Amino acid sequence: MSKQQTLKSSFTLQGKGLHTGLMLTATFLPAPVGHGFKIQRVDLEGKPIIDVLAENVIDTSRGTVVANGEARCSTIEHCMAALYAAGVDNCLIQTDGPEVPILDGSARYVCEAIARVGVEEQDAERDEFVVTQEIVYEDAQSGSSLRIVPADTFGVEATIAFPSQFLQSQQATLDDLSQFGTEIAAARTFVFVREILPLLQLGLIKGGDLDNAIVIYEHQEKQEVLDSIADTLGVAHRDASQLGYLNSRPLTWDNEPARHKLLDIIGDMALIGRRLRGRIIAMRPGHTANNRFARLVREQF
């Protein structure tokens with residue numbers, strides 16, 4: 001049996017919220033044995049605390065949102081992936097708003113901060129769920145499927161597929177969490193231009209820009225439509241006839257979108273509340289499927 005772990009000291013990250021566009025602060029603090037992951041909304045009366053568990057997820061439409069009554073916090077999956085990959089079991093995250101800063105759309109800066117402060121062992125045994133038989137979740141409508149099979153360590157395989165000339169089928173694999181920092185953490189979230197206008201109309205992605213997401217432009221829009229989206233997001237106008245990736249920063253890896261989907265799986269599976277020993281194989285994963293799968297796994301213990 002291994003021991004529980006927490007941060008050696010606290011650290012703070014600041015940046016825009018992806019959906020609100022607000023400037024937000026998130027402080028990550030050490031926590032005692034058995035604490036698990038919790039988020040505290042320090043901007044609300046009574047400073048309510050949310051247990052970061054799969055059953056407390058209330059929305060998965062564009063990220064993972066957890067809540068306790070009226071207190072909620074969104075876009076938690078990147079920081080949760082970084083904490084889980086670093087072997088942290090107990091952590092209190094204090095936020096001064098309804099979401100965690102998006103930063104560059106990856107888990108890179110959270111990983112770097114954890115490495116800077118360090119992780120320390122605690123005087124208690126770690127809870128671990130050892131997979132002894134296959135557990136499967138499938139959604140025929142979306143084509144999403146996730147299964148976990150017995151393995152000696154935790155690993156993930158993710159395959160994505162989109163009807164897009166720029167993003168068709170990609171695969172990413174992580175055989176050991178020690179590789180997360182170098183192979184997965186810097187993979188950024190991605191969005192198609194055709195998705196942006198509906199999201200803006202829903203009041204979402206007010207903080208989105210070309211620095212915190214990979215933006216894929218695959219179907220030509222009218223120039224005025226693309227200009228309007230650019231103005232709303234506060235980015236430079238682009239030639240509507242030029243399809244492809246709109247980011248000034250090139251892809252870190254050719255399969256960066258698949259690596260990011262793998263990152264999301266780890267972040268969402270961190271909400272099962274235990275360390276996990278088994279190998280996850282995912283096809284067309286997304287936050288909704290990830291959360292339903294995490295709940296299914298939690299039911300096993």
# chains A, B, ... in the order shown; residues from 1 in each chain; ligands from 1
call {"tool": "select_by_dssp", "arguments": {"residues": "segment 128-243 of chain A", "states": "helix (DSSP H, G or I)", "output": "ChimeraX atom specification"}}
result
/A:177-183,193-201,223-233
call {"tool": "write_last_selection", "arguments": {"atoms": "N, CA and C atoms", "output": "CSV table (one decimal), in the first residue's frame"}}
result
chain,number,residue,atom,x,y,z
A,177,LEU,N,1.8,7.7,-15.5
A,177,LEU,CA,1.6,9.1,-15.1
A,177,LEU,C,2.9,9.9,-15.0
A,178,SER,N,4.0,9.3,-14.9
A,178,SER,CA,5.3,10.0,-14.8
A,178,SER,C,5.5,10.7,-16.1
A,179,GLN,N,4.9,10.3,-17.2
A,179,GLN,CA,5.0,10.9,-18.5
A,179,GLN,C,4.1,12.1,-18.7
A,180,PHE,N,3.2,12.3,-17.8
A,180,PHE,CA,2.1,13.4,-18.0
A,180,PHE,C,2.7,14.7,-18.2
A,181,GLY,N,3.7,15.1,-17.4
A,181,GLY,CA,4.2,16.5,-17.5
A,181,GLY,C,4.9,16.8,-18.8
A,182,THR,N,5.5,15.8,-19.5
A,182,THR,CA,6.2,16.1,-20.7
A,182,THR,C,5.4,15.7,-22.0
A,183,GLU,N,4.4,14.8,-21.8
A,183,GLU,CA,3.7,14.3,-23.0
A,183,GLU,C,2.3,14.8,-23.1
A,193,VAL,N,-14.5,26.8,-35.3
A,193,VAL,CA,-15.1,28.1,-35.5
A,193,VAL,C,-16.7,28.0,-35.6
A,194,ARG,N,-17.2,26.9,-36.2
A,194,ARG,CA,-18.6,26.8,-36.3
A,194,ARG,C,-19.3,26.6,-35.0
A,195,GLU,N,-18.6,26.2,-33.9
A,195,GLU,CA,-19.1,26.1,-32.6
A,195,GLU,C,-19.1,27.4,-31.8
A,196,ILE,N,-18.3,28.4,-32.2
A,196,ILE,CA,-18.1,29.6,-31.4
A,196,ILE,C,-19.3,30.4,-31.3
A,197,LEU,N,-20.0,30.7,-32.4
A,197,LEU,CA,-21.2,31.6,-32.4
A,197,LEU,C,-22.3,31.1,-31.5
A,198,PRO,N,-22.7,29.8,-31.6
A,198,PRO,CA,-23.7,29.3,-30.7
A,198,PRO,C,-23.3,29.4,-29.3
A,199,LEU,N,-22.0,29.1,-29.0
A,199,LEU,CA,-21.5,29.2,-27.6
A,199,LEU,C,-21.6,30.7,-27.1
A,200,LEU,N,-21.2,31.6,-27.9
A,200,LEU,CA,-21.3,33.0,-27.5
A,200,LEU,C,-22.8,33.4,-27.3
A,201,GLN,N,-23.7,32.9,-28.1
A,201,GLN,CA,-25.1,33.2,-27.9
A,201,GLN,C,-25.7,32.6,-26.6
A,223,GLN,N,-17.2,36.8,-44.7
A,223,GLN,CA,-16.1,37.6,-44.1
A,223,GLN,C,-16.7,38.4,-42.9
A,224,GLU,N,-17.9,38.9,-43.1
A,224,GLU,CA,-18.5,39.7,-42.0
A,224,GLU,C,-18.8,38.8,-40.8
A,225,VAL,N,-19.2,37.6,-41.0
A,225,VAL,CA,-19.4,36.7,-39.9
A,225,VAL,C,-18.1,36.4,-39.1
A,226,LEU,N,-17.1,36.1,-39.8
A,226,LEU,CA,-15.8,35.8,-39.2
A,226,LEU,C,-15.3,37.0,-38.5
A,227,ASP,N,-15.4,38.2,-39.1
A,227,ASP,CA,-15.0,39.5,-38.5
A,227,ASP,C,-15.8,39.7,-37.2
A,228,SER,N,-17.1,39.4,-37.2
A,228,SER,CA,-17.9,39.6,-36.0
A,228,SER,C,-17.4,38.7,-34.8
A,229,ILE,N,-17.1,37.5,-35.1
A,229,ILE,CA,-16.6,36.6,-34.1
A,229,ILE,C,-15.3,37.1,-33.6
A,230,ALA,N,-14.4,37.5,-34.5
A,230,ALA,CA,-13.1,38.0,-34.1
A,230,ALA,C,-13.2,39.2,-33.2
A,231,ASP,N,-14.2,40.1,-33.5
A,231,ASP,CA,-14.4,41.3,-32.7
A,231,ASP,C,-14.9,40.9,-31.3
A,232,THR,N,-15.8,40.0,-31.2
A,232,THR,CA,-16.4,39.5,-30.0
A,232,THR,C,-15.3,38.9,-29.1
A,233,LEU,N,-14.4,38.2,-29.7
A,233,LEU,CA,-13.3,37.5,-28.9
A,233,LEU,C,-12.1,38.4,-28.7
call {"tool": "residues_around", "arguments": {"residues": "segment 78-86 of chain A", "least_positions_apart": "5", "cutoff": "6 Å", "atoms": "only C-alpha atoms", "output": "list of chain:residue names"}}
result
A:Ala107, A:Cys111, A:Leu177, A:Ile266, A:Gly267
call {"tool": "residues_around", "arguments": {"residues": "segment 51-65 of chain A", "least_positions_apart": "5", "cutoff": "6 Å", "atoms": "only C-alpha atoms", "output": "VMD selection string"}}
result
chain A and resid 37 to 38 73 to 75 271 to 272 287 to 288 295
call {"tool": "write_last_selection", "arguments": {"atoms": "C-alpha atoms", "output": "PDB file, in the first residue's frame"}}
result
ATOM      1  CA  PHE A  37     -10.245  17.317  -3.514  1.00  0.00           C
ATOM      2  CA  LYS A  38     -12.449  20.240  -2.526  1.00  0.00           C
ATOM      3  CA  CYS A  73     -17.222  26.002 -10.170  1.00  0.00           C
ATOM      4  CA  SER A  74     -16.498  25.184 -13.805  1.00  0.00           C
ATOM      5  CA  THR A  75     -13.541  24.266 -16.016  1.00  0.00           C
ATOM      6  CA  LEU A 271     -13.454  12.719  -9.470  1.00  0.00           C
ATOM      7  CA  ILE A 272     -13.914   9.072  -8.520  1.00  0.00           C
ATOM      8  CA  HIS A 287     -16.968  15.359 -20.574  1.00  0.00           C
ATOM      9  CA  THR A 288     -20.479  13.902 -20.518  1.00  0.00           C
ATOM     10  CA  ARG A 295     -19.945   7.485 -11.810  1.00  0.00           C
TER      11      ARG A 295
END
call {"tool": "closest_residue", "arguments": {"among": "A:Ala240, A:Val33, A:Gly17, A:Val136", "to": "Asp123 of chain A", "atoms": "only C-alpha atoms"}}
result
A:Val33
call {"tool": "closest_residue", "arguments": {"among": "A:Leu18, A:Ser2, A:Glu70, A:Val297", "to": "Glu45 of chain A", "atoms": "only C-alpha atoms"}}
result
A:Glu70
call {"tool": "residues_around", "arguments": {"residues": "Gly69 of chain A", "least_positions_apart": "3", "cutoff": "10 Å", "atoms": "only C-alpha atoms", "output": "ChimeraX atom specification"}}
result
/A:48-50,56,66,72
call {"tool": "select_by_dssp", "arguments": {"residues": "segment 70-273 of chain A", "states": "strand (DSSP E)", "output": "PyMOL selection string"}}
result
chain A and resi 71-73+91-95+119-125+128-130+135-139+144-149+155-161+169-174+190-192+214-217+244-245
call {"tool": "closest_atom_pairs", "arguments": {"of": "segment 153-229 of chain A", "to": "segment 91-100 of chain A", "cutoff": "12 Å", "atoms": "only C-alpha atoms", "output": "JSON lines"}}
result
{"residue": "A:Leu204", "atom": "CA", "partner": "A:Glu99", "partner_atom": "CA", "distance": 12.0}
{"residue": "A:Ile205", "atom": "CA", "partner": "A:Glu99", "partner_atom": "CA", "distance": 11.7}
{"residue": "A:Gly207", "atom": "CA", "partner": "A:Glu99", "partner_atom": "CA", "distance": 11.3}
call {"tool": "decode", "arguments": {"residues": "segment 114-170 of chain A", "atoms": "C-alpha atoms", "output": "PDB file, in the first residue's frame"}}
result
ATOM      1  CA  ILE A 114       3.033  21.644  -8.409  1.00  0.00           C
ATOM      2  CA  ALA A 115       6.587  20.708  -9.403  1.00  0.00           C
ATOM      3  CA  ARG A 116       7.831  24.002  -7.959  1.00  0.00           C
ATOM      4  CA  VAL A 117       6.236  23.583  -4.489  1.00  0.00           C
ATOM      5  CA  GLY A 118       6.575  19.797  -4.354  1.00  0.00           C
ATOM      6  CA  VAL A 119       4.445  16.959  -3.021  1.00  0.00           C
ATOM      7  CA  GLU A 120       4.839  15.311   0.383  1.00  0.00           C
ATOM      8  CA  GLU A 121       3.786  11.972   1.829  1.00  0.00           C
ATOM      9  CA  GLN A 122       1.220  11.832   4.630  1.00  0.00           C
ATOM     10  CA  ASP A 123       0.818   9.391   7.488  1.00  0.00           C
ATOM     11  CA  ALA A 124      -2.112   7.386   6.127  1.00  0.00           C
ATOM     12  CA  GLU A 125      -2.637   4.657   3.593  1.00  0.00           C
ATOM     13  CA  ARG A 126      -3.941   5.651   0.183  1.00  0.00           C
ATOM     14  CA  ASP A 127      -7.312   4.423  -1.061  1.00  0.00           C
ATOM     15  CA  GLU A 128      -6.918   2.678  -4.402  1.00  0.00           C
ATOM     16  CA  PHE A 129      -9.479   1.010  -6.615  1.00  0.00           C
ATOM     17  CA  VAL A 130      -7.852  -1.968  -8.313  1.00  0.00           C
ATOM     18  CA  VAL A 131      -9.783  -3.007 -11.403  1.00  0.00           C
ATOM     19  CA  THR A 132     -10.260  -6.775 -11.473  1.00  0.00           C
ATOM     20  CA  GLN A 133     -12.796  -7.032 -14.299  1.00  0.00           C
ATOM     21  CA  GLU A 134     -13.698  -4.904 -17.288  1.00  0.00           C
ATOM     22  CA  ILE A 135     -16.091  -1.998 -16.728  1.00  0.00           C
ATOM     23  CA  VAL A 136     -17.730  -0.548 -19.858  1.00  0.00           C
ATOM     24  CA  TYR A 137     -19.741   2.580 -20.667  1.00  0.00           C
ATOM     25  CA  GLU A 138     -21.190   3.127 -24.146  1.00  0.00           C
ATOM     26  CA  ASP A 139     -23.407   5.806 -25.653  1.00  0.00           C
ATOM     27  CA  ALA A 140     -24.818   4.707 -29.003  1.00  0.00           C
ATOM     28  CA  GLN A 141     -26.126   8.184 -29.830  1.00  0.00           C
ATOM     29  CA  SER A 142     -22.792  10.013 -29.508  1.00  0.00           C
ATOM     30  CA  GLY A 143     -20.571   7.076 -30.386  1.00  0.00           C
ATOM     31  CA  SER A 144     -18.639   7.557 -27.155  1.00  0.00           C
ATOM     32  CA  SER A 145     -17.329   4.543 -25.307  1.00  0.00           C
ATOM     33  CA  LEU A 146     -14.988   4.142 -22.349  1.00  0.00           C
ATOM     34  CA  ARG A 147     -13.852   0.949 -20.720  1.00  0.00           C
ATOM     35  CA  ILE A 148     -11.302   0.090 -18.096  1.00  0.00           C
ATOM     36  CA  VAL A 149      -9.475  -3.219 -17.938  1.00  0.00           C
ATOM     37  CA  PRO A 150      -7.150  -4.713 -15.306  1.00  0.00           C
ATOM     38  CA  ALA A 151      -3.539  -3.502 -15.482  1.00  0.00           C
ATOM     39  CA  ASP A 152      -0.528  -3.214 -13.192  1.00  0.00           C
ATOM     40  CA  THR A 153      -0.549   0.592 -13.371  1.00  0.00           C
ATOM     41  CA  PHE A 154      -2.823   3.438 -14.444  1.00  0.00           C
ATOM     42  CA  GLY A 155      -2.835   4.117 -18.207  1.00  0.00           C
ATOM     43  CA  VAL A 156      -5.068   5.705 -20.840  1.00  0.00           C
ATOM     44  CA  GLU A 157      -5.624   5.288 -24.568  1.00  0.00           C
ATOM     45  CA  ALA A 158      -7.822   7.864 -26.318  1.00  0.00           C
ATOM     46  CA  THR A 159      -9.084   7.947 -29.901  1.00  0.00           C
ATOM     47  CA  ILE A 160     -10.977  10.894 -31.341  1.00  0.00           C
ATOM     48  CA  ALA A 161     -12.747  11.209 -34.679  1.00  0.00           C
ATOM     49  CA  PHE A 162     -14.383  14.232 -36.317  1.00  0.00           C
ATOM     50  CA  PRO A 163     -15.862  14.729 -39.799  1.00  0.00           C
ATOM     51  CA  SER A 164     -13.260  17.392 -40.522  1.00  0.00           C
ATOM     52  CA  GLN A 165     -10.491  17.655 -43.096  1.00  0.00           C
ATOM     53  CA  PHE A 166      -8.256  19.202 -40.422  1.00  0.00           C
ATOM     54  CA  LEU A 167      -9.114  16.879 -37.555  1.00  0.00           C
ATOM     55  CA  GLN A 168     -10.193  13.395 -38.516  1.00  0.00           C
ATOM     56  CA  SER A 169      -8.994  10.391 -36.494  1.00  0.00           C
ATOM     57  CA  GLN A 170      -6.241  10.825 -33.891  1.00  0.00           C
TER      58      GLN A 170
END
